[in-house]
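A.B. asks: What follows is a single structure, and I will ask about it in a moment.
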Amino acid sequence: MASKLPPPPIVNPKRKNFLGQPAPQGYVAGVGRGATGFTTRSDIGPARDANDVPDDRHPAPAKRKKDDDEDLEEDLNDANYDEFAGYGGSLFNKDPYDKDDEEADAVYEAIDERMDEKRREYREKRRKEEIEKYRQERPKIQQQFSDLKRELCAVSEEEWKNIPEVGDARNRKQRLHGRREKFTPLPDSVLTRNLGGESSTSIDPKSGLASAFPGMLTPTGDLDLRKIGQARNTLMDIKLNQVSDSVSGQTVVDPKGYLTDLQSMIPTYGGDINDIKKARLLLKSVRETNPNHPPAWIASARLEEVTGKLQAARNLILRGCETCPNSEDLWLEAARLVPVDTAKNVIAQAVNHLVNSVKLWIKASELEQDMKAKKRVFRKALEHIPNSVRLWKAAVELEEPEDAKILLSRAVECCPTSVELWLALARLETYENARKVLNKARENIPTDRQIWITAAKLEEAHGNTTMVEKIIDRSINSLAANGVEINREHWLKEAVDAEKSGAVLTCQAIIKFVIGHGVEDEDRKHSWLEDADNFTSQGAFECSRAVYSHSLETFPAKKSIWLRAAHFERQHGTRDSLESLLQRAVAHCPQAEVLWLMGAKSKWLAGDVPAARSILSLAFQANPNSEEIWLAAVKLESENWEYERARKLLAKARNSAPTPRVLMKSAKLEWHLGDLAEALKQLQTAIEQFPDYPKFYMMQGQIHVLQQRMTQARESYNLGTRKCPTSVPLWLLLARLDESQGNMTRARSVLEKARQKNPQNSQLWLEAIRLEWKTGLKDIASAMMAKALQDCPISGLLWSETIFIVDRPQRKTKSVDALKKCEHDPHVLLAVSKLFWTERKTQKCREWFNRAVKIDPDFGDAWGYFYKFELLHGTVEEQNDVKKRCVQAEPRHGEVWTSISKGPQNWRARTEDILLLVAEALPVPV
Amino acid sequence: MSYMLQHLVNGWQVDQAILSEEDRLVVIRFGHDWDPTCMKMDEVLYQIAEKVKNFAVIYLVDITQVPDFNKMYELYDPCTNMFFFRNKHIMIDLGTGNNNKINWAIEDKQEMIDIVETVYRGARKGRGLVVSPKDYSTKYRY
């Protein structure tokens with residue numbers, strides 16, 4: 001049945017052609033595309049149809065084939081059973097085949113034959129007809145071409161030969177498959193196996209001529225490369241021997257030298273040999289096309305040099321010199337390449353060609369070993385080129401001072417514009433002559449400041465101090481007149497140089513005249529101070545002193561400049577210079593208390609108490625009723641055990657300037673002197689006068705505590721907190737008082753109240769946390785810490801405490817968090833260094849301590865810990881170093897530090913003593 | 001919405017539909033147009049058909065009219081969706097325990113698109129089993 005083609009899609013070209021078509025007859029769905037089903041739910045329906053295609057993804061194991069033995073056995077299947085004959089096959093095929101059987105078979109055969117004979121003719125005829133008919137319908141190919149074949153007899157032999165070959169349609173790979181031979185190298189293992197136990201025939205190195213040399217044989221034995229190498233050496237040796245002992249008895253080659261030569265000839269060039277060849281070819285063509293191009297010659301010679309062919313390089317370069325004798329570079333290259341003795345000749349030729357080449361002359365002198373010869377070369381050179389500064393300099397360097405002077409005097413005549421030559425000459429001359437020389441130089445080169453400055457230095461060195469300023473002044477004028485721009489920075493650099501070379505006056509003079517140059521009037525102060533700072537940082541103290549003095553002359557009434565200058569003198573100057581400066585300062589700015597106080601302090605530090613006193617009294621005259629000065633005077637007296645005077649002063653101060661600080665200081669003095677009753681009395685009056693000053697309450701409370709009157713103490717603290725609710729220390733004191741009395745709940749409530757009044761205060765939080773920690777409620781403490789950190793997330797104080805509150809394993813992560821939150825907080829840095837201390841990482845710990853004290857040198861606790869650390873783990877030098885730095889920094893803050901420095905027994909202690917006490921009081925972190 | 005989607009009415013057409021797609025996923029819904037579950041499914045299929053037409057083609061087969069695959073594919077549920085790619089049945093792990101097909105109605109369009117796309121991507125890479133973007137184990141029902 002011819003299948004109907006589906007109609008081409010008309011409406012929708014995308015429409016599939018099978019849609020709407022009936023299924024072919026007898027189509028079994030799924031089988032056509034080899035679909036396989038699955039069995040997952042045989043519980044609710046028939047699993048698979050019997051006629052389904054078996055899932056060949058999981059085929060059952062193939063059945064074992066029956067073997068022949070089984071075949072021989074009787075097939076006892078029921079289906080094979082016949083009622084008459086029993087189980088299949090012949091009944092008698094097990095019986096012997098006898099005569100009767102043979103006869104029976106023959107009879108049967110005869111019958112068959114007879115039956116067959118009956119219609120044989122007809123049958124065979126019909127069969128023939130059928131075949132013929134079939135052939136007609138479908139003729140054999142042979143028959144189809146039979147007519148054509150017959151015509152082949154007309155084809156001539158030539159035509160036959162010219163019939164083109166039938167091409168091979170297969171591709172090359174298919175065609176050559178199997179025809180191509182493949183060669184696979186025989187593995188070494190096979191070779192060794194086949195060799196069996198045969199002894200290897202390596203060469204005996206001592207057996208003279210290598211009779212057993214393997215030659216072209218396959219390497220024998222176990223391919224011993226070492227032995228091959230040895231063999232090669234032996235061969236070489238033999239050849240060398242032959243050469244050296246030639247028949248004539250004359251040794252042609254020195255064998256040892258030859259070998260070492262070979263060693264030295266190992267090519268050093270690592271690149272590709274082909275590259276070299278190419279380069280050689282290219283350079284050759286360049287040389288030939290343009291022989292007058294010196295770089296080509298140089299490049300070729302260098303190439304040969306690099307590849308190790310020195311002789312070729314020399315030849316090339318010399319040929320180059322011949323072809324272009326006017327190239328300085330070529331001659332220099334030649335001198336470099338040829339050996340030293342010939343180099344002299346080469347250079348001599350060169351200077352013949354190029355008389356005016358400075359480089360060649362210098363090279364020539366370099367080639368000379370002898371000093372005298374060198375000098376001679378220079379003389380000759382200078383005859384030819386008298387105006388080369390370089391040659392003159394080189395020549396002068398070789399000479400003795402006396403000859404040099406003569407040479408230089410000639411040189412400045414020849415090269416009058418060379419500053420260096422002039423200056424060198426001036427340096428060599430005597431004072432008088434030097435002046436003359438410099439004057440002459442100035443005439444010749446009126447635009448150079450160096451000469452002027454050298455002149456100034458010269459004058460200064462010979463004690464002619466008045467001339468220095470004059471010279472500098474004139475220099476600036478004349479330079480300006482000659483149209484030279486005054487570059488301030490260059491001049492200032494000259495000043496620094498002058499200071500370095502010891503010419504202080506010159507430096508001062510330069511600064512005096514130049515500092516104001518090129519600066520706008522309104523910028524003057526600013527830029528001068530900047531210059532001074534720059535000089536200080538460069539270590540040029542004289543320069544910055546000069547800048548300060550000049551700016552003070554210009555602005556005598558500027559307090560800030562005086563202060564800066566005073567600081568500068570304190571740091572880098574002597575005491576005398578500081579004091580004289582301060583005296584001038586207070587004369588100009590009598591209102592500046594700081595200056596007065598600095599002066600007094602300087603005197604006092606020098607032990608000159610009466611002078612300090614007189615300064616302070618002068619200060620009083622200048623600034624009557626200044627609190628600062630009052631207090632300074634009191635401090636001076638009390639530090640010098642003059643308590644009565646101090647008391648009197650304070651009494652006066654109370655009368656004339658009753659400020660809270662004065663009142664406080666006087667109460668404190670009484671307290672320190674042990675007169676608690678008087679102190680209390682004064683505090684009472686002070687509180688009446690200034691009820692809002694928290695320190696009075698604190699002192700009052702502390703005195704009460706000292707006298708064991710806790711109720712009064714609490715009263716005064718309570719009053720204080722009411723009057724000044726924002727004073728955190730007061731709250732802390734109150735809480736601590738309660739805590740010391742064992743009143744934890746009260747302390748807690750006090751702190752709570754304090755936190756309400758002063759939100760986001762880390763100190764209060766810290767106190768509360770410590771309270772809980774001390775009571776042993778660690779959970780509450782850590783919970784509170786979490787709250788505290790929410791309240792003050794960037795408080796270094798809290799973070800540093802956190803690090804030590806958490807368990808040891810978490811400390812590190814906490815410290816990282818802390819550092820992330822407050823990177824530049826000294827508390828955190830200190831905590832981190834303590835952490836390293838507990839881990840015994842001394843080096844790191846020291847580093848972090850240094851960082852902590854650097855970031856806040858005023859933080860006493862860090863210094864204390866640092867010192868303690870060094871006491872335990874450091875050397876004596878390190879301890880002293882820390883102590884020195886601490887004394888310099890004069891720290892005043894820090895929890896432990898203040899508790900010790902403010903203690904009544906330490907009220908007159910120096911920083912150093914406090915540092916020791918603090919270090920003692922601090923615990924070793926665990 | 002079943003009348004908007006292409007129906008296959010005999011087993012030969014089903015086979016041809018599966019064989020004819022070279023680059024697209026063939027999604028076949030087996031069920032009955034009158035079945036409420038199928039109605040929901042067909043609604044979703046009709047709405048996504050246009051969107052996924054670049055990589056998937058959707059056919060509907062009535063399992064009463066074409067019972068040829070009922071045993072082979074165990075089509076005993078009211079609504080069954082199966083995926084074929086280049087004459088290969090693509091399985092999908094839906095978390096239901098039956099990876100062969102989706103035998104409930106998915107009522108969310110985006111979910112269905114996601115599934116079809118996942119199957120398509122997996123099949124393109126030669127996977128026979130893909131993992132459904134969403135786990136339907138809570139919807140497990142028989």
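Letters for chains follow the order of the structure tokens (A, B, ...), residue numbers begin at 1 for each chain, and ligand numbers begin at 1 in the order shown.
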If you count only C-alpha atoms, which residues fall within 6 Å of Gly31 (chain B), apart from same-chain ones fewer than 2 positions away, as number ranges by chain?
C.D. replies: B: 62-63, 78-79
A.B. asks: Next, the residues of the selection above should be written as an mmCIF file, in the first residue's frame with N, CA and C atoms.
C.D. replies:
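The resulting file, again-v6.cif, is shown below:
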```
data_model
loop_
_atom_site.group_PDB
_atom_site.id
_atom_site.type_symbol
_atom_site.label_atom_id
_atom_site.label_comp_id
_atom_site.auth_asym_id
_atom_site.auth_seq_id
_atom_site.Cartn_x
_atom_site.Cartn_y
_atom_site.Cartn_z
ATOM 1 N N ASP B 62 -5.414 12.713 25.034
ATOM 2 C CA ASP B 62 -6.541 12.131 25.785
ATOM 3 C C ASP B 62 -6.234 10.661 26.000
ATOM 4 N N ILE B 63 -6.167 10.252 27.251
ATOM 5 C CA ILE B 63 -5.695 8.885 27.499
ATOM 6 C C ILE B 63 -6.795 7.855 27.245
ATOM 7 N N PRO B 78 -5.275 11.484 37.082
ATOM 8 C CA PRO B 78 -6.142 12.342 36.264
ATOM 9 C C PRO B 78 -5.333 13.221 35.315
ATOM 10 N N CYS B 79 -4.153 13.620 35.739
ATOM 11 C CA CYS B 79 -3.377 14.545 34.896
ATOM 12 C C CYS B 79 -1.897 14.205 35.042
#
```
A.B. asks: May I ask you to extract the residues of chain A within 9 Å of chain B, using only C-alpha atoms, and to give them as a PyMOL selection string?
C.D. replies: chain A and resi 16+18-24+27-42+44-49+52
A.B. asks: To one decimal place, how far is CA of Asn81 (chain B) from CA of Ile115 (chain B) in Å?
C.D. replies: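 So the answer is 11.3 Å.
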A.B. asks: Give the helix (DSSP H, G or I) residues of region 3-52 of chain B, as assigned by DSSP on the backbone, as a list of chain:residue names.
C.D. replies: B:Tyr3, B:Met4, B:Gly11, B:Trp12, B:Gln13, B:Val14, B:Asp15, B:Gln16, B:Ala17, B:Ile18, B:Leu19, B:Ser20, B:Pro36, B:Thr37, B:Cys38, B:Met39, B:Lys40, B:Met41, B:Asp42, B:Glu43, B:Val44, B:Leu45, B:Tyr46, B:Gln47, B:Ile48, B:Ala49
A.B. asks: What separation in Å, quoted to one decimal, exists between CA of Val484 (chain A) and CA of Thr447 (chain A)?
C.D. replies: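 We find that CA of Val484 (chain A) and CA of Thr447 (chain A) lie 6.2 Å from each other.
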A.B. asks: I'd like the interatomic distance between CA of Ser300 (chain A) and CA of Val358 (chain A), to a tenth of an Å.
C.D. replies: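 Distance between the two atoms: 25.3 Å.
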A.B. asks: Excluding Val547 (chain A) and its own-chain neighbours fewer than 2 positions away, which residues fall within 10 Å of it when counting only C-alpha atoms? Please give them as a PDB file with N, CA, C and O atoms, in the first residue's frame.
C.D. replies:
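Ended up saving to out29.pdb:
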```pdb
ATOM      1  N   GLN A 508      72.948  83.218  58.865  1.00  0.00           N
ATOM      2  CA  GLN A 508      72.011  84.213  59.421  1.00  0.00           C
ATOM      3  C   GLN A 508      71.798  85.358  58.443  1.00  0.00           C
ATOM      4  O   GLN A 508      70.672  85.832  58.247  1.00  0.00           O
ATOM      5  N   ILE A 511      69.562  84.381  55.599  1.00  0.00           N
ATOM      6  CA  ILE A 511      68.159  84.297  55.997  1.00  0.00           C
ATOM      7  C   ILE A 511      67.584  85.688  56.187  1.00  0.00           C
ATOM      8  O   ILE A 511      66.464  85.988  55.763  1.00  0.00           O
ATOM      9  N   LYS A 512      68.383  86.540  56.801  1.00  0.00           N
ATOM     10  CA  LYS A 512      67.890  87.891  57.070  1.00  0.00           C
ATOM     11  C   LYS A 512      67.480  88.582  55.779  1.00  0.00           C
ATOM     12  O   LYS A 512      66.432  89.241  55.718  1.00  0.00           O
ATOM     13  N   ILE A 515      64.743  85.852  53.542  1.00  0.00           N
ATOM     14  CA  ILE A 515      63.510  85.276  54.069  1.00  0.00           C
ATOM     15  C   ILE A 515      62.272  86.060  53.638  1.00  0.00           C
ATOM     16  O   ILE A 515      61.214  85.505  53.399  1.00  0.00           O
ATOM     17  N   GLY A 516      62.465  87.384  53.552  1.00  0.00           N
ATOM     18  CA  GLY A 516      61.305  88.197  53.193  1.00  0.00           C
ATOM     19  C   GLY A 516      61.091  88.288  51.691  1.00  0.00           C
ATOM     20  O   GLY A 516      60.129  88.899  51.238  1.00  0.00           O
ATOM     21  N   TRP A 528      56.999  82.152  57.209  1.00  0.00           N
ATOM     22  CA  TRP A 528      58.238  82.148  58.002  1.00  0.00           C
ATOM     23  C   TRP A 528      58.229  81.041  59.035  1.00  0.00           C
ATOM     24  O   TRP A 528      59.209  80.334  59.223  1.00  0.00           O
ATOM     25  N   LEU A 529      57.079  80.929  59.693  1.00  0.00           N
ATOM     26  CA  LEU A 529      57.003  79.882  60.720  1.00  0.00           C
ATOM     27  C   LEU A 529      57.171  78.510  60.070  1.00  0.00           C
ATOM     28  O   LEU A 529      57.818  77.611  60.625  1.00  0.00           O
ATOM     29  N   GLU A 530      56.599  78.398  58.884  1.00  0.00           N
ATOM     30  CA  GLU A 530      56.745  77.117  58.177  1.00  0.00           C
ATOM     31  C   GLU A 530      58.211  76.842  57.866  1.00  0.00           C
ATOM     32  O   GLU A 530      58.713  75.735  58.065  1.00  0.00           O
ATOM     33  N   ASP A 531      58.897  77.922  57.384  1.00  0.00           N
ATOM     34  CA  ASP A 531      60.317  77.768  57.092  1.00  0.00           C
ATOM     35  C   ASP A 531      61.079  77.338  58.332  1.00  0.00           C
ATOM     36  O   ASP A 531      61.932  76.431  58.281  1.00  0.00           O
ATOM     37  N   ALA A 532      60.737  77.972  59.449  1.00  0.00           N
ATOM     38  CA  ALA A 532      61.436  77.642  60.691  1.00  0.00           C
ATOM     39  C   ALA A 532      61.233  76.173  61.022  1.00  0.00           C
ATOM     40  O   ALA A 532      62.178  75.462  61.394  1.00  0.00           O
ATOM     41  N   ASP A 533      59.981  75.712  60.874  1.00  0.00           N
ATOM     42  CA  ASP A 533      59.712  74.303  61.163  1.00  0.00           C
ATOM     43  C   ASP A 533      60.523  73.404  60.238  1.00  0.00           C
ATOM     44  O   ASP A 533      61.080  72.388  60.674  1.00  0.00           O
ATOM     45  N   PHE A 535      63.343  74.049  58.773  1.00  0.00           N
ATOM     46  CA  PHE A 535      64.745  74.043  59.180  1.00  0.00           C
ATOM     47  C   PHE A 535      64.950  73.146  60.381  1.00  0.00           C
ATOM     48  O   PHE A 535      65.915  72.385  60.452  1.00  0.00           O
ATOM     49  N   PHE A 541      69.389  74.158  63.109  1.00  0.00           N
ATOM     50  CA  PHE A 541      68.815  74.951  64.194  1.00  0.00           C
ATOM     51  C   PHE A 541      69.204  76.417  64.096  1.00  0.00           C
ATOM     52  O   PHE A 541      68.418  77.296  64.422  1.00  0.00           O
ATOM     53  N   GLU A 542      70.427  76.674  63.658  1.00  0.00           N
ATOM     54  CA  GLU A 542      70.834  78.074  63.534  1.00  0.00           C
ATOM     55  C   GLU A 542      69.927  78.795  62.544  1.00  0.00           C
ATOM     56  O   GLU A 542      69.529  79.936  62.764  1.00  0.00           O
ATOM     57  N   CYS A 543      69.637  78.107  61.465  1.00  0.00           N
ATOM     58  CA  CYS A 543      68.782  78.717  60.448  1.00  0.00           C
ATOM     59  C   CYS A 543      67.422  79.041  61.037  1.00  0.00           C
ATOM     60  O   CYS A 543      66.903  80.148  60.872  1.00  0.00           O
ATOM     61  N   SER A 544      66.832  78.068  61.746  1.00  0.00           N
ATOM     62  CA  SER A 544      65.491  78.351  62.246  1.00  0.00           C
ATOM     63  C   SER A 544      65.562  79.422  63.334  1.00  0.00           C
ATOM     64  O   SER A 544      64.669  80.261  63.441  1.00  0.00           O
ATOM     65  N   ARG A 545      66.658  79.429  64.110  1.00  0.00           N
ATOM     66  CA  ARG A 545      66.802  80.492  65.104  1.00  0.00           C
ATOM     67  C   ARG A 545      66.852  81.852  64.399  1.00  0.00           C
ATOM     68  O   ARG A 545      66.195  82.804  64.829  1.00  0.00           O
ATOM     69  N   SER A 549      64.332  84.879  64.934  1.00  0.00           N
ATOM     70  CA  SER A 549      64.753  86.214  65.398  1.00  0.00           C
ATOM     71  C   SER A 549      64.329  87.269  64.380  1.00  0.00           C
ATOM     72  O   SER A 549      63.876  88.355  64.749  1.00  0.00           O
ATOM     73  N   HIS A 550      64.443  86.905  63.110  1.00  0.00           N
ATOM     74  CA  HIS A 550      64.031  87.873  62.099  1.00  0.00           C
ATOM     75  C   HIS A 550      62.532  88.130  62.177  1.00  0.00           C
ATOM     76  O   HIS A 550      62.077  89.279  62.139  1.00  0.00           O
ATOM     77  N   SER A 551      61.752  87.062  62.329  1.00  0.00           N
ATOM     78  CA  SER A 551      60.306  87.298  62.371  1.00  0.00           C
ATOM     79  C   SER A 551      59.921  88.030  63.649  1.00  0.00           C
ATOM     80  O   SER A 551      58.972  88.821  63.657  1.00  0.00           O
ATOM     81  N   LEU A 552      60.671  87.805  64.734  1.00  0.00           N
ATOM     82  CA  LEU A 552      60.357  88.535  65.960  1.00  0.00           C
ATOM     83  C   LEU A 552      60.717  90.002  65.815  1.00  0.00           C
ATOM     84  O   LEU A 552      60.045  90.874  66.390  1.00  0.00           O
ATOM     85  N   GLU A 553      61.740  90.252  65.041  1.00  0.00           N
ATOM     86  CA  GLU A 553      62.054  91.665  64.801  1.00  0.00           C
ATOM     87  C   GLU A 553      60.937  92.322  64.014  1.00  0.00           C
ATOM     88  O   GLU A 553      60.599  93.480  64.235  1.00  0.00           O
ATOM     89  N   ALA A 565      58.920  80.425  69.211  1.00  0.00           N
ATOM     90  CA  ALA A 565      60.363  80.582  69.379  1.00  0.00           C
ATOM     91  C   ALA A 565      60.794  79.998  70.721  1.00  0.00           C
ATOM     92  O   ALA A 565      61.830  79.324  70.821  1.00  0.00           O
TER      93      ALA A 565
END
```
A.B. asks: Can you pull out the residues contacting Gly607 (chain A)? Cut-off 12 Å, using only C-alpha atoms, and skip same-chain residues under 6 positions away; I want them as an MDAnalysis selection string.
C.D. replies: chainID A and resid 600:601 613 636 639:640
A.B. asks: Hey, can you spit out that residue selection with all heavy atoms as an mmCIF file, in the first residue's frame?
C.D. replies:
```cif
data_model
loop_
_atom_site.group_PDB
_atom_site.id
_atom_site.type_symbol
_atom_site.label_atom_id
_atom_site.label_comp_id
_atom_site.auth_asym_id
_atom_site.auth_seq_id
_atom_site.Cartn_x
_atom_site.Cartn_y
_atom_site.Cartn_z
ATOM 1 N N ALA A 600 59.628 81.659 84.433
ATOM 2 C CA ALA A 600 59.756 81.290 85.835
ATOM 3 C C ALA A 600 60.114 79.830 85.968
ATOM 4 O O ALA A 600 60.961 79.442 86.780
ATOM 5 C CB ALA A 600 58.441 81.583 86.550
ATOM 6 N N LYS A 601 59.477 79.025 85.155
ATOM 7 C CA LYS A 601 59.726 77.592 85.265
ATOM 8 C C LYS A 601 61.160 77.260 84.881
ATOM 9 O O LYS A 601 61.805 76.410 85.519
ATOM 10 C CB LYS A 601 58.763 76.843 84.349
ATOM 11 C CG LYS A 601 58.777 75.352 84.624
ATOM 12 C CD LYS A 601 57.690 74.623 83.897
ATOM 13 C CE LYS A 601 57.765 73.151 84.253
ATOM 14 N NZ LYS A 601 56.865 72.365 83.425
ATOM 15 N N ARG A 613 61.070 83.710 91.509
ATOM 16 C CA ARG A 613 60.139 84.539 92.295
ATOM 17 C C ARG A 613 60.065 85.952 91.726
ATOM 18 O O ARG A 613 58.979 86.519 91.571
ATOM 19 C CB ARG A 613 60.656 84.607 93.738
ATOM 20 C CG ARG A 613 59.664 84.072 94.729
ATOM 21 C CD ARG A 613 60.313 84.013 96.079
ATOM 22 N NE ARG A 613 60.362 82.646 96.561
ATOM 23 C CZ ARG A 613 61.229 82.188 97.434
ATOM 24 N NH1 ARG A 613 62.167 82.976 97.916
ATOM 25 N NH2 ARG A 613 61.173 80.943 97.836
ATOM 26 N N LEU A 636 55.237 77.345 93.221
ATOM 27 C CA LEU A 636 56.663 77.567 93.420
ATOM 28 C C LEU A 636 57.006 77.512 94.900
ATOM 29 O O LEU A 636 57.933 76.817 95.321
ATOM 30 C CB LEU A 636 57.043 78.931 92.826
ATOM 31 C CG LEU A 636 58.495 79.323 92.943
ATOM 32 C CD1 LEU A 636 59.355 78.449 92.061
ATOM 33 C CD2 LEU A 636 58.687 80.781 92.595
ATOM 34 N N GLU A 639 56.365 73.973 96.433
ATOM 35 C CA GLU A 639 57.360 72.999 95.989
ATOM 36 C C GLU A 639 58.683 73.247 96.675
ATOM 37 O O GLU A 639 59.515 72.354 96.730
ATOM 38 C CB GLU A 639 57.553 73.088 94.475
ATOM 39 C CG GLU A 639 56.316 72.739 93.682
ATOM 40 C CD GLU A 639 56.232 71.265 93.353
ATOM 41 O OE1 GLU A 639 57.267 70.684 93.034
ATOM 42 O OE2 GLU A 639 55.119 70.715 93.441
ATOM 43 N N ASN A 640 58.886 74.457 97.111
ATOM 44 C CA ASN A 640 60.173 74.765 97.738
ATOM 45 C C ASN A 640 60.050 74.828 99.258
ATOM 46 O O ASN A 640 60.815 75.506 99.927
ATOM 47 C CB ASN A 640 60.731 76.071 97.182
ATOM 48 C CG ASN A 640 61.215 75.873 95.763
ATOM 49 O OD1 ASN A 640 62.119 75.101 95.503
ATOM 50 N ND2 ASN A 640 60.554 76.535 94.830
#
```
A.B. asks: Using only C-alpha atoms, which residues sit within 12 Å of Glu107 (chain B) once same-chain residues fewer than 3 positions away are excluded, as a VMD selection string?
C.D. replies: chain B and resid 37 to 48 104 110 to 113
A.B. asks: Pick out the closest residue to Gly95 (chain B) from this set: B:Leu5, B:Val26, B:Tyr136, B:Val52. Count only C-alpha atoms.
C.D. replies: B:Tyr136
A.B. asks: Report as a PyMOL selection string all protein, DNA and RNA residues lying within 10 Å of Lys53 (chain B), evaluated on only C-alpha atoms, omitting residues in the same chain fewer than 4 positions from it.
C.D. replies: chain B and resi 24-25+48-49+57-58
A.B. asks: Find the residue from B:Ser137, B:Glu50, B:Ala56, B:Asp114 that sits nearest to Phe84 (chain B); use only C-alpha atoms when measuring.
C.D. replies: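 The shortest atom-to-atom distance to Phe84 (chain B) comes from B:Ala56.
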A.B. asks: Would you list the contacts of region 888-894 of chain A as a PyMOL selection string, taking every protein, DNA or RNA residue within 12 Å and counting only C-alpha atoms, but skipping same-chain residues closer than 5 positions in sequence?
C.D. replies: chain A and resi 571+797+826-827+830+853-865+881-883+899-902+910-915+918+922
